[in-house]
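What's in coords.cif: mmCIF, C-alpha atoms and all ligand atoms
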data_work
#
loop_
_atom_site.label_atom_id
_atom_site.label_comp_id
_atom_site.auth_asym_id
_atom_site.auth_seq_id
_atom_site.Cartn_x
_atom_site.Cartn_y
_atom_site.Cartn_z
CA MET A 9 37.67 -206.86 56.25
CA TYR A 10 36.96 -207.22 52.56
CA PRO A 11 35.73 -208.98 50.52
CA ARG A 12 32.63 -208.89 52.67
CA LEU A 13 29.50 -210.89 51.97
CA GLU A 14 26.32 -209.35 53.29
CA ILE A 15 23.19 -211.48 53.62
CA ASP A 16 19.84 -209.82 54.27
CA LEU A 17 18.13 -212.38 56.47
CA SER A 18 14.81 -210.52 56.33
CA ILE A 19 14.55 -211.18 52.57
CA ILE A 20 15.34 -214.85 53.04
CA SER A 21 12.90 -215.08 55.92
CA GLU A 22 10.16 -213.59 53.77
CA ASN A 23 10.95 -216.04 50.97
CA ILE A 24 10.73 -218.98 53.35
CA THR A 25 7.34 -217.81 54.59
CA ARG A 26 6.05 -217.34 51.04
CA ILE A 27 7.32 -220.75 49.97
CA GLN A 28 5.66 -222.35 52.97
CA LYS A 29 2.37 -220.66 52.10
CA LYS A 30 2.49 -221.76 48.47
CA CYS A 31 3.53 -225.26 49.44
CA GLN A 32 0.59 -225.53 51.79
CA GLN A 33 -1.71 -224.42 49.00
CA TRP A 34 -0.15 -226.91 46.58
CA ASN A 35 -0.02 -229.74 49.10
CA LEU A 36 3.74 -229.95 49.03
CA GLN A 37 6.24 -230.40 51.78
CA PRO A 38 9.16 -228.01 51.32
CA VAL A 39 12.65 -229.39 51.84
CA ALA A 40 15.31 -226.74 52.36
CA VAL A 41 18.48 -227.52 50.43
CA THR A 42 21.43 -226.18 52.43
CA LYS A 43 24.46 -227.04 50.25
CA GLY A 44 24.46 -223.54 48.74
CA PHE A 45 25.60 -222.07 52.06
CA CYS A 46 27.27 -225.12 53.67
CA ALA A 47 24.45 -225.17 56.24
CA ASP A 48 25.78 -222.00 57.82
CA PRO A 49 24.22 -221.76 61.32
CA PRO A 50 22.49 -218.31 61.10
CA LEU A 51 20.61 -219.39 57.98
CA VAL A 52 19.80 -222.83 59.36
CA ARG A 53 18.47 -221.23 62.57
CA LEU A 54 16.28 -218.98 60.47
CA LEU A 55 14.89 -222.00 58.59
CA LEU A 56 14.28 -223.86 61.84
CA SER A 57 12.54 -220.95 63.51
CA SER A 58 10.34 -220.51 60.43
CA GLY A 59 9.08 -224.04 60.87
CA ILE A 60 11.12 -225.90 58.27
CA THR A 61 11.62 -229.48 59.43
CA CYS A 62 13.15 -231.13 56.35
CA PHE A 63 16.67 -230.38 55.17
CA ALA A 64 18.75 -231.74 52.33
CA ASP A 65 22.44 -231.47 51.60
CA SER A 66 25.02 -233.31 49.55
CA ASN A 67 27.51 -233.29 52.39
CA ILE A 68 27.16 -235.30 55.60
CA LEU A 69 29.14 -232.75 57.63
CA ASN A 70 26.58 -230.09 56.71
CA LEU A 71 23.72 -232.36 57.76
CA ARG A 72 25.53 -233.06 61.02
CA ARG A 73 25.82 -229.30 61.58
CA ILE A 74 22.03 -228.96 61.25
CA GLN A 75 21.48 -231.85 63.62
CA ASN A 76 23.67 -230.14 66.20
CA LEU A 77 21.70 -226.89 65.97
CA THR A 78 18.39 -228.26 67.11
CA SER A 79 16.74 -230.63 69.53
CA GLN A 80 13.55 -230.69 67.44
CA PRO A 81 12.96 -233.74 65.27
CA VAL A 82 14.15 -232.97 61.73
CA GLU A 83 14.42 -235.05 58.57
CA LEU A 84 17.83 -234.92 56.96
CA TYR A 85 18.26 -236.06 53.38
CA LEU A 86 21.59 -236.83 51.78
CA ILE A 87 20.94 -235.80 48.17
CA ARG A 88 24.26 -236.91 46.77
CA LEU A 89 24.36 -240.66 46.23
CA PRO A 90 26.21 -242.13 49.20
CA MET A 91 29.74 -243.42 48.98
CA VAL A 92 30.20 -246.94 50.34
CA SER A 93 32.39 -245.45 53.05
CA GLU A 94 29.54 -243.18 54.18
CA CYS A 95 26.97 -245.95 54.74
CA PRO A 96 27.85 -246.70 58.39
CA VAL A 97 27.63 -243.04 59.45
CA ILE A 98 24.37 -242.56 57.52
CA THR A 99 22.69 -245.26 59.58
CA ASP A 100 24.30 -243.94 62.77
CA LEU A 101 23.00 -240.42 62.24
CA HIS A 102 19.54 -241.44 60.94
CA ILE A 103 20.15 -239.65 57.67
CA ILE A 104 17.86 -240.48 54.74
CA PRO A 105 20.01 -241.08 51.67
CA PHE A 106 19.08 -240.90 48.00
CA VAL A 107 20.15 -244.21 46.49
CA SER A 108 20.47 -245.49 42.91
CA HIS A 109 22.21 -248.89 43.27
CA LEU A 110 21.06 -252.18 44.72
CA GLU A 111 24.59 -252.74 46.04
CA ILE A 112 24.26 -249.63 48.21
CA LEU A 113 20.81 -250.67 49.43
CA GLU A 114 22.36 -253.99 50.48
CA ILE A 115 25.15 -252.27 52.41
CA LEU A 116 22.73 -249.87 54.12
CA ASP A 117 20.46 -252.78 55.03
CA ARG A 118 23.38 -254.63 56.56
CA GLU A 119 24.66 -251.58 58.48
CA ALA A 120 21.17 -250.77 59.79
CA GLY A 121 20.73 -254.41 60.82
CA LYS A 122 24.01 -254.36 62.74
CA ARG A 123 22.80 -251.34 64.70
CA GLY A 124 19.29 -252.62 65.21
CA VAL A 125 17.83 -249.56 63.48
CA ASN A 126 15.74 -248.92 60.42
CA CYS A 127 17.14 -246.84 57.58
CA PRO A 128 14.65 -244.91 55.47
CA VAL A 129 15.82 -244.35 51.89
CA ILE A 130 14.69 -242.44 48.83
CA LEU A 131 15.19 -244.13 45.48
CA ALA A 132 16.55 -241.71 42.93
CA VAL A 133 15.02 -242.14 39.47
CA GLU A 134 16.62 -240.97 36.23
CA ASN A 135 14.19 -238.86 34.33
CA GLY A 136 16.08 -237.41 31.40
CA ASP A 137 18.82 -235.18 32.77
CA GLY A 138 21.44 -237.89 32.31
CA ARG A 139 22.70 -237.91 35.84
CA GLU A 140 21.81 -239.97 38.91
CA GLY A 141 19.02 -242.45 39.33
CA PHE A 142 17.73 -245.93 38.63
CA LEU A 143 16.30 -246.22 35.16
CA PRO A 144 12.55 -246.60 35.71
CA GLU A 145 12.45 -250.03 33.99
CA GLU A 146 15.31 -251.17 36.17
CA LEU A 147 13.47 -250.12 39.29
CA LEU A 148 10.43 -252.16 38.32
CA ALA A 149 12.56 -255.18 37.47
CA ALA A 150 14.26 -254.96 40.88
CA SER A 151 11.06 -254.38 42.83
CA GLU A 152 11.03 -257.85 44.35
CA THR A 153 14.56 -257.41 45.73
CA ILE A 154 13.82 -253.89 46.94
CA ARG A 155 10.73 -255.06 48.82
CA ARG A 156 12.68 -257.65 50.74
CA PHE A 157 15.25 -255.49 52.58
CA ARG A 158 14.44 -256.01 56.25
CA HIS A 159 16.07 -252.93 57.72
CA LEU A 160 15.19 -250.39 55.06
CA THR A 161 12.03 -248.36 54.57
CA ILE A 162 11.43 -247.17 51.04
CA ARG A 163 10.30 -243.67 51.85
CA GLY A 164 9.83 -242.55 48.30
CA LEU A 165 11.04 -241.88 44.79
CA SER A 166 12.80 -238.76 43.69
CA THR A 167 13.58 -237.01 40.46
CA THR A 168 16.03 -234.22 39.84
CA LEU A 169 16.06 -232.22 36.64
CA ALA A 170 17.66 -229.16 35.07
CA CYS A 171 21.05 -229.76 36.63
CA LEU A 172 23.28 -231.11 33.93
CA SER A 173 21.61 -231.21 30.56
CA GLY A 174 19.10 -228.41 30.94
CA VAL A 175 16.18 -230.85 30.75
CA LEU A 176 13.31 -228.89 32.28
CA PRO A 177 10.37 -230.36 34.11
CA ASN A 178 7.11 -230.06 32.20
CA GLU A 179 3.66 -231.60 32.41
CA SER A 180 4.44 -234.68 30.36
CA LYS A 181 7.64 -235.40 32.29
CA ILE A 182 5.93 -235.16 35.65
CA ARG A 183 2.95 -237.26 34.53
CA GLU A 184 5.35 -239.88 33.22
CA PHE A 185 7.12 -239.90 36.58
CA ILE A 186 3.81 -240.28 38.41
CA GLN A 187 2.98 -243.27 36.17
CA TRP A 188 6.29 -244.90 37.05
CA LYS A 189 5.56 -244.41 40.72
CA ARG A 190 2.12 -245.99 40.35
CA ALA A 191 3.64 -248.98 38.57
CA PHE A 192 6.31 -249.29 41.28
CA VAL A 193 3.78 -249.16 44.12
CA GLU A 194 1.57 -251.70 42.37
CA LYS A 195 4.45 -254.07 41.81
CA THR A 196 5.97 -253.81 45.29
CA GLY A 197 2.80 -253.36 47.30
CA LEU A 198 4.69 -250.77 49.38
CA ARG A 199 2.69 -248.10 51.14
CA ASP A 200 3.27 -244.40 51.80
CA VAL A 201 5.74 -244.01 48.96
CA ILE A 202 6.22 -240.29 48.39
CA LEU A 203 7.30 -238.44 45.25
CA SER A 204 10.03 -235.88 45.81
CA VAL A 205 11.04 -233.40 43.10
CA GLY A 206 13.76 -230.79 42.85
CA GLY A 207 15.11 -228.23 42.51
CA THR A 208 13.55 -224.82 42.36
CA THR A 209 12.59 -224.93 38.68
CA PHE A 210 9.89 -227.54 39.48
CA PHE A 211 7.83 -224.74 41.08
CA SER A 212 6.88 -223.63 37.58
CA LEU A 213 4.58 -226.65 37.24
CA TRP A 214 2.33 -225.41 40.05
CA GLU A 215 2.76 -221.78 39.03
CA ASP A 216 1.32 -222.84 35.66
CA GLY A 217 -1.73 -224.18 37.44
CA LEU A 218 -1.11 -227.91 37.29
CA ILE A 219 -2.78 -229.91 40.01
CA LEU A 220 -0.49 -232.70 41.09
CA PRO A 221 -1.68 -234.32 44.31
CA GLU A 222 0.66 -237.27 43.66
CA VAL A 223 3.74 -235.10 44.17
CA ASN A 224 4.46 -234.72 47.85
CA GLN A 225 7.71 -232.90 48.29
CA ILE A 226 9.81 -230.20 46.64
CA ARG A 227 13.51 -229.69 47.38
CA CYS A 228 14.72 -226.16 46.84
CA GLY A 229 17.62 -223.91 47.66
CA GLU A 230 17.73 -221.25 44.97
CA ALA A 231 14.11 -220.23 45.57
CA PHE A 232 14.51 -219.03 49.14
CA LEU A 233 18.11 -217.82 48.77
CA PHE A 234 17.83 -215.90 45.50
CA GLY A 235 14.13 -215.85 44.56
CA SER A 236 15.13 -216.91 41.08
CA ASP A 237 14.98 -219.92 38.78
CA ILE A 238 18.24 -219.92 36.88
CA SER A 239 17.29 -222.88 34.68
CA ARG A 240 14.62 -220.69 33.13
CA LYS A 241 16.63 -217.48 33.56
CA ARG A 242 13.86 -215.76 35.49
CA ASP A 243 13.18 -214.07 38.78
CA MET A 244 10.17 -215.57 40.54
CA ALA A 245 7.54 -212.86 40.87
CA TRP A 246 6.22 -214.11 44.22
CA LEU A 247 9.66 -214.19 45.82
CA ARG A 248 12.22 -211.51 46.67
CA GLN A 249 15.67 -211.15 45.17
CA GLY A 250 18.70 -209.27 46.40
CA ALA A 251 19.52 -211.02 49.67
CA PHE A 252 23.21 -211.33 48.82
CA TYR A 253 25.66 -208.50 48.30
CA ILE A 254 29.41 -208.67 48.16
CA GLU A 255 31.73 -205.68 48.43
CA THR A 256 35.44 -205.07 48.27
CA GLU A 257 38.03 -202.37 47.68
CA ILE A 258 39.55 -201.12 44.47
CA VAL A 259 43.29 -201.83 44.63
CA GLU A 260 44.35 -200.39 41.27
CA VAL A 261 43.02 -197.90 38.70
CA ARG A 262 44.91 -197.47 35.41
CA GLU A 263 44.63 -197.21 31.69
CA LYS A 264 45.47 -200.62 30.33
CA LYS A 265 46.36 -201.81 26.92
CA PRO A 266 46.77 -205.57 26.88
CA GLU A 267 49.10 -206.63 24.10
CA TRP A 268 47.35 -207.91 21.07
CA ASN A 269 48.64 -211.35 20.57
CA GLN A 270 48.53 -213.08 17.22
CA ASP A 271 48.75 -216.41 18.91
CA PRO A 272 47.05 -216.07 22.31
CA GLY A 273 47.34 -218.67 25.01
CA TYR A 274 44.71 -219.64 27.55
CA ASP A 275 43.99 -217.92 30.85
CA ALA A 276 45.05 -219.25 34.28
CA PHE A 277 42.10 -221.62 34.24
CA GLY A 278 42.69 -223.04 30.79
CA ARG A 279 39.89 -221.00 29.27
CA ILE A 280 40.03 -219.01 26.05
CA PRO A 281 40.42 -215.33 27.09
CA SER A 282 37.46 -213.24 26.04
CA HIS A 283 38.62 -209.74 27.02
CA GLN A 284 40.51 -209.41 23.73
CA LEU A 285 37.09 -208.72 22.25
CA LEU A 286 36.92 -205.40 24.07
CA LEU A 287 39.31 -203.58 21.73
CA PRO A 288 40.06 -200.78 20.86
CA TYR A 289 42.30 -200.05 23.84
CA PRO A 290 43.54 -198.34 25.97
CA HIS A 291 40.67 -198.47 28.44
CA LYS A 292 40.57 -197.41 32.04
CA ARG A 293 40.36 -200.43 34.30
CA ALA A 294 39.92 -201.00 37.99
CA LEU A 295 41.17 -204.05 39.81
CA LEU A 296 39.15 -205.20 42.80
CA ALA A 297 40.45 -207.28 45.66
CA MET A 298 38.44 -210.40 45.05
CA GLY A 299 38.93 -213.15 42.53
CA LEU A 300 37.82 -216.59 41.51
CA GLN A 301 38.90 -217.90 44.91
CA ASP A 302 36.12 -215.73 46.40
CA ILE A 303 33.46 -215.28 43.75
CA ASP A 304 31.96 -216.45 40.47
CA ASP A 305 32.37 -213.45 38.16
CA SER A 306 29.46 -214.51 35.95
CA GLN A 307 27.00 -214.15 38.85
CA LEU A 308 27.84 -210.60 39.97
CA TYR A 309 25.77 -207.56 39.10
CA LEU A 310 26.73 -203.91 39.51
CA GLU A 311 23.74 -201.75 40.13
CA ARG A 312 25.24 -198.43 39.12
CA GLY A 313 27.20 -196.76 36.38
CA HIS A 314 28.50 -197.89 33.03
CA VAL A 315 30.84 -200.53 34.21
CA LYS A 316 31.65 -203.79 32.48
CA ILE A 317 32.97 -206.83 34.24
CA ILE A 318 35.87 -207.98 32.09
CA GLY A 319 36.74 -211.08 34.01
CA ALA A 320 38.50 -212.46 37.00
CA THR A 321 41.82 -214.04 37.87
CA SER A 322 42.21 -216.02 41.04
CA ASN A 323 43.12 -212.75 42.85
CA TYR A 324 41.28 -209.94 41.06
CA LEU A 325 38.02 -208.96 39.51
CA VAL A 326 38.82 -206.65 36.60
CA ILE A 327 36.26 -204.06 35.56
CA ASP A 328 36.25 -201.64 32.63
CA ILE A 329 35.37 -198.12 33.86
CA GLU A 330 36.20 -196.23 30.66
CA ASP A 331 32.61 -195.13 29.99
CA ASP A 332 31.68 -194.33 33.56
CA GLU A 333 31.35 -190.75 34.81
CA THR A 334 32.52 -191.63 38.32
CA ASP A 335 36.14 -190.91 39.18
CA TYR A 336 37.07 -194.24 40.74
CA HIS A 337 40.05 -194.34 43.03
CA VAL A 338 42.10 -196.82 45.02
CA GLY A 339 40.54 -197.66 48.37
CA GLU A 340 36.97 -197.11 47.21
CA VAL A 341 34.53 -199.86 48.11
CA ILE A 342 32.49 -201.33 45.26
CA ARG A 343 29.35 -203.30 45.94
CA PHE A 344 27.83 -206.02 43.76
CA ARG A 345 24.63 -207.97 43.97
CA ALA A 346 25.61 -211.62 44.10
CA GLY A 347 23.31 -214.20 42.51
C1 LIG B 401 20.94 -228.89 44.62
C2 LIG B 401 19.81 -229.83 44.58
C3 LIG B 401 18.48 -229.37 44.74
C4 LIG B 401 18.14 -227.89 44.91
O1 LIG B 401 18.28 -227.19 43.72
P1 LIG B 401 17.93 -225.60 43.63
O2 LIG B 401 17.85 -225.37 42.18
O3 LIG B 401 19.03 -224.88 44.31
O4 LIG B 401 16.64 -225.37 44.28
C5 LIG B 401 17.46 -230.30 44.76
N1 LIG B 401 17.71 -231.62 44.61
C6 LIG B 401 18.97 -232.10 44.44
C7 LIG B 401 19.18 -233.56 44.30
C8 LIG B 401 20.04 -231.22 44.41
O5 LIG B 401 21.28 -231.71 44.24
#

Would you give me this structure, written as structure tokens?
Amino acid sequence: MYPRLEIDLSIISENITRIQKKCQQWNLQPVAVTKGFCADPPLVRLLLSSGITCFADSNILNLRRIQNLTSQPVELYLIRLPMVSECPVITDLHIIPFVSHLEILEILDREAGKRGVNCPVILAVENGDGREGFLPEELLAASETIRRFRHLTIRGLSTTLACLSGVLPNESKIREFIQWKRAFVEKTGLRDVILSVGGTTFFSLWEDGLILPEVNQIRCGEAFLFGSDISRKRDMAWLRQGAFYIETEIVEVREKKPEWNQDPGYDAFGRIPSHQLLLPYPHKRALLAMGLQDIDDSQLYLERGHVKIIGATSNYLVIDIEDDETDYHVGEVIRFRAG
């Protein structure tokens, strides 16, 4: 059945091995982020059998799926700030949440206390991307309160960059973060507080030769899945790309001449249509049986011919085949590299 997603596990396996090697060299613990594939069992099994013991996801059901796949001890991080309603199950399942509010720490402390367990937590720290995290000053001001939770262990501090505002990690940012950690440890007297960074684009710090013994952990998904660092628009030379391919059938081939509209509306997703720019028409187009319900048309790459991706509706991917020598026909299967 199409559309069909093909995943080359040998490429991913090689990437995991290479990441583990580099991480060992750089004194980092790799954390595999599984939200990109909803912790799909074949990939999780591959990570487990390669020796990965730390997993992170933004969805508790995905973390639960990982837990059910192994009897080995694993660390499971919830990297989306927990909802109040999730706190009981987090303590039940021994999940380590990223937290950015004292109110949530209080609830977790209470829930852990009720169950007679300890709940390790990571404190998320805002570092310039304008998304989650305690402001560093706030964290220091609250250090006395944080130290006093009886059923919580402050496992570490985390920073996440390059997700919303395109703020990239660089030497001064990471050194600043390390300083904040030192100040926090000094003020709280806590021990074994780790620094966790993510995602994939943080690798560039070590690739550039920085020596950062204070950073203990890197959370990555894109690196082992795609071997790329999209925040810097680059493929990573020491990793392999091309693990994901998606293919589907052509369901229509025709010359098309969309009406030129003086006063165009928006597309089905409320976006300004861009295909009008491809005039002069008519052009030969092929419609493929996959759309925005299946794919992200901006992350597909055709490795042959002179074909342009025009865009996608919820049902179809529309490609312009006017300049291609191939005689495309209905029923033909077209294959794209995905990601
Ligand atoms: C998604 C995510 C990551 C992993 O990012 P990649 O760029 O896919 O490696 C790391 N940390 C957090 C908090 C995330 O949400």

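Note that CA of Glu152 in chain A and CA of Ile182 in chain A are 24.8 Å apart.
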
Contacts of Gly313 in chain A within 10 Å, all atoms listed in the file, excl. fewer than 3 positions in-chain, as a ChimeraX atom specification: /A:310,316,329,331-334

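Between CA of Gly164 in chain A and CA of Pro177 in chain A there is a distance of 18.7 Å.
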
Could you list, as an NGL selection string, all the residues within 8 Å of ligand LIG 401 (chain B), counting only C-alpha atoms and all ligand atoms? :A and (41 or 43-44 or 64-66 or 87-88 or 167-168 or 171 or 205-209 or 226-231 or 237-239)

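Take the candidates A:Arg118, A:Lys30, A:Arg242, A:Arg53 and check each one against Phe157 in chain A using all atoms listed in the file; the shortest distance goes to A:Arg118.
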
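Distance-wise, CA of Phe234 in chain A and CA of Asn178 in chain A end up 22.2 Å apart.
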
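Counting all atoms listed in the file and comparing A:Asp48, A:Glu22, A:Glu111, A:Glu257, the residue that lies closest to Ile74 in chain A is A:Asp48.
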
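The closest residue to Val129 in chain A, picked from A:Gly141, A:Pro105, A:Pro49, A:Pro221 and counting all atoms listed in the file, is A:Pro105.
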
For the point (31.1, -209.9, 49.7) in the file's frame, write as a PyMOL selection string all residues with an atom no more than 7 Å away, counting only C-alpha atoms. chain A and resi 11-14+253-256

Generate the output file for the selected residues, C-alpha atoms, as a PDB file, in the frame of the given file.
ATOM      1  CA  PRO A  11      35.730-208.980  50.520  1.00  0.00           C
ATOM      2  CA  ARG A  12      32.630-208.890  52.670  1.00  0.00           C
ATOM      3  CA  LEU A  13      29.500-210.890  51.970  1.00  0.00           C
ATOM      4  CA  GLU A  14      26.320-209.350  53.290  1.00  0.00           C
ATOM      5  CA  TYR A 253      25.660-208.500  48.300  1.00  0.00           C
ATOM      6  CA  ILE A 254      29.410-208.670  48.160  1.00  0.00           C
ATOM      7  CA  GLU A 255      31.730-205.680  48.430  1.00  0.00           C
ATOM      8  CA  THR A 256      35.440-205.070  48.270  1.00  0.00           C
TER       9      THR A 256
END

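For the residues A:Leu325, A:Val133, A:Ile103, A:Val52, ranking by smallest atom-to-atom distance to Arg293 in chain A using all atoms listed in the file places A:Leu325 first.
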
Across A:Arg163, A:Arg183, A:Arg73, A:Arg240, the smallest distance to Leu218 in chain A, with only C-alpha atoms counted, is shown by A:Arg183

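The nearest approach to Gln225 in chain A among the residues A:Arg190, A:Phe211, A:Ala320, A:Ala245, with all atoms listed in the file taken into account, belongs to A:Phe211.
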
12 Å contact set for Trp188 in chain A, all atoms listed in the file, chain neighbours under 2 positions out, as a ChimeraX atom specification: /A:133-135,142-148,165-167,181-186,190-195,201,203,222

Can you tell me which residues surround Val107 in chain A at a distance of at most 6 Å, considering all atoms listed in the file, apart from same-chain residues fewer than 3 positions away, and format the answer as a PDB file with C-alpha atoms, keeping the file's coordinate frame?
ATOM      1  CA  LEU A  89      24.360-240.660  46.230  1.00  0.00           C
ATOM      2  CA  LEU A 131      15.190-244.130  45.480  1.00  0.00           C
ATOM      3  CA  ALA A 132      16.550-241.710  42.930  1.00  0.00           C
TER       4      ALA A 132
END

Residues within 12 Å of Arg26 in chain A, please, as a PDB file with C-alpha atoms, in the frame of the given file. Count all atoms listed in the file; anything in the same chain fewer than 4 positions from it doesn't count.
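So the final result, stored in out.pdb, reads:
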ATOM      1  CA  ILE A  19      14.550-211.180  52.570  1.00  0.00           C
ATOM      2  CA  ILE A  20      15.340-214.850  53.040  1.00  0.00           C
ATOM      3  CA  SER A  21      12.900-215.080  55.920  1.00  0.00           C
ATOM      4  CA  GLU A  22      10.160-213.590  53.770  1.00  0.00           C
ATOM      5  CA  LYS A  30       2.490-221.760  48.470  1.00  0.00           C
ATOM      6  CA  CYS A  31       3.530-225.260  49.440  1.00  0.00           C
ATOM      7  CA  GLN A  32       0.590-225.530  51.790  1.00  0.00           C
ATOM      8  CA  GLN A  33      -1.710-224.420  49.000  1.00  0.00           C
ATOM      9  CA  PRO A  38       9.160-228.010  51.320  1.00  0.00           C
ATOM     10  CA  SER A  58      10.340-220.510  60.430  1.00  0.00           C
ATOM     11  CA  ALA A 231      14.110-220.230  45.570  1.00  0.00           C
ATOM     12  CA  PHE A 232      14.510-219.030  49.140  1.00  0.00           C
ATOM     13  CA  GLY A 235      14.130-215.850  44.560  1.00  0.00           C
ATOM     14  CA  MET A 244      10.170-215.570  40.540  1.00  0.00           C
ATOM     15  CA  ALA A 245       7.540-212.860  40.870  1.00  0.00           C
ATOM     16  CA  TRP A 246       6.220-214.110  44.220  1.00  0.00           C
ATOM     17  CA  LEU A 247       9.660-214.190  45.820  1.00  0.00           C
ATOM     18  CA  ARG A 248      12.220-211.510  46.670  1.00  0.00           C
TER      19      ARG A 248
END
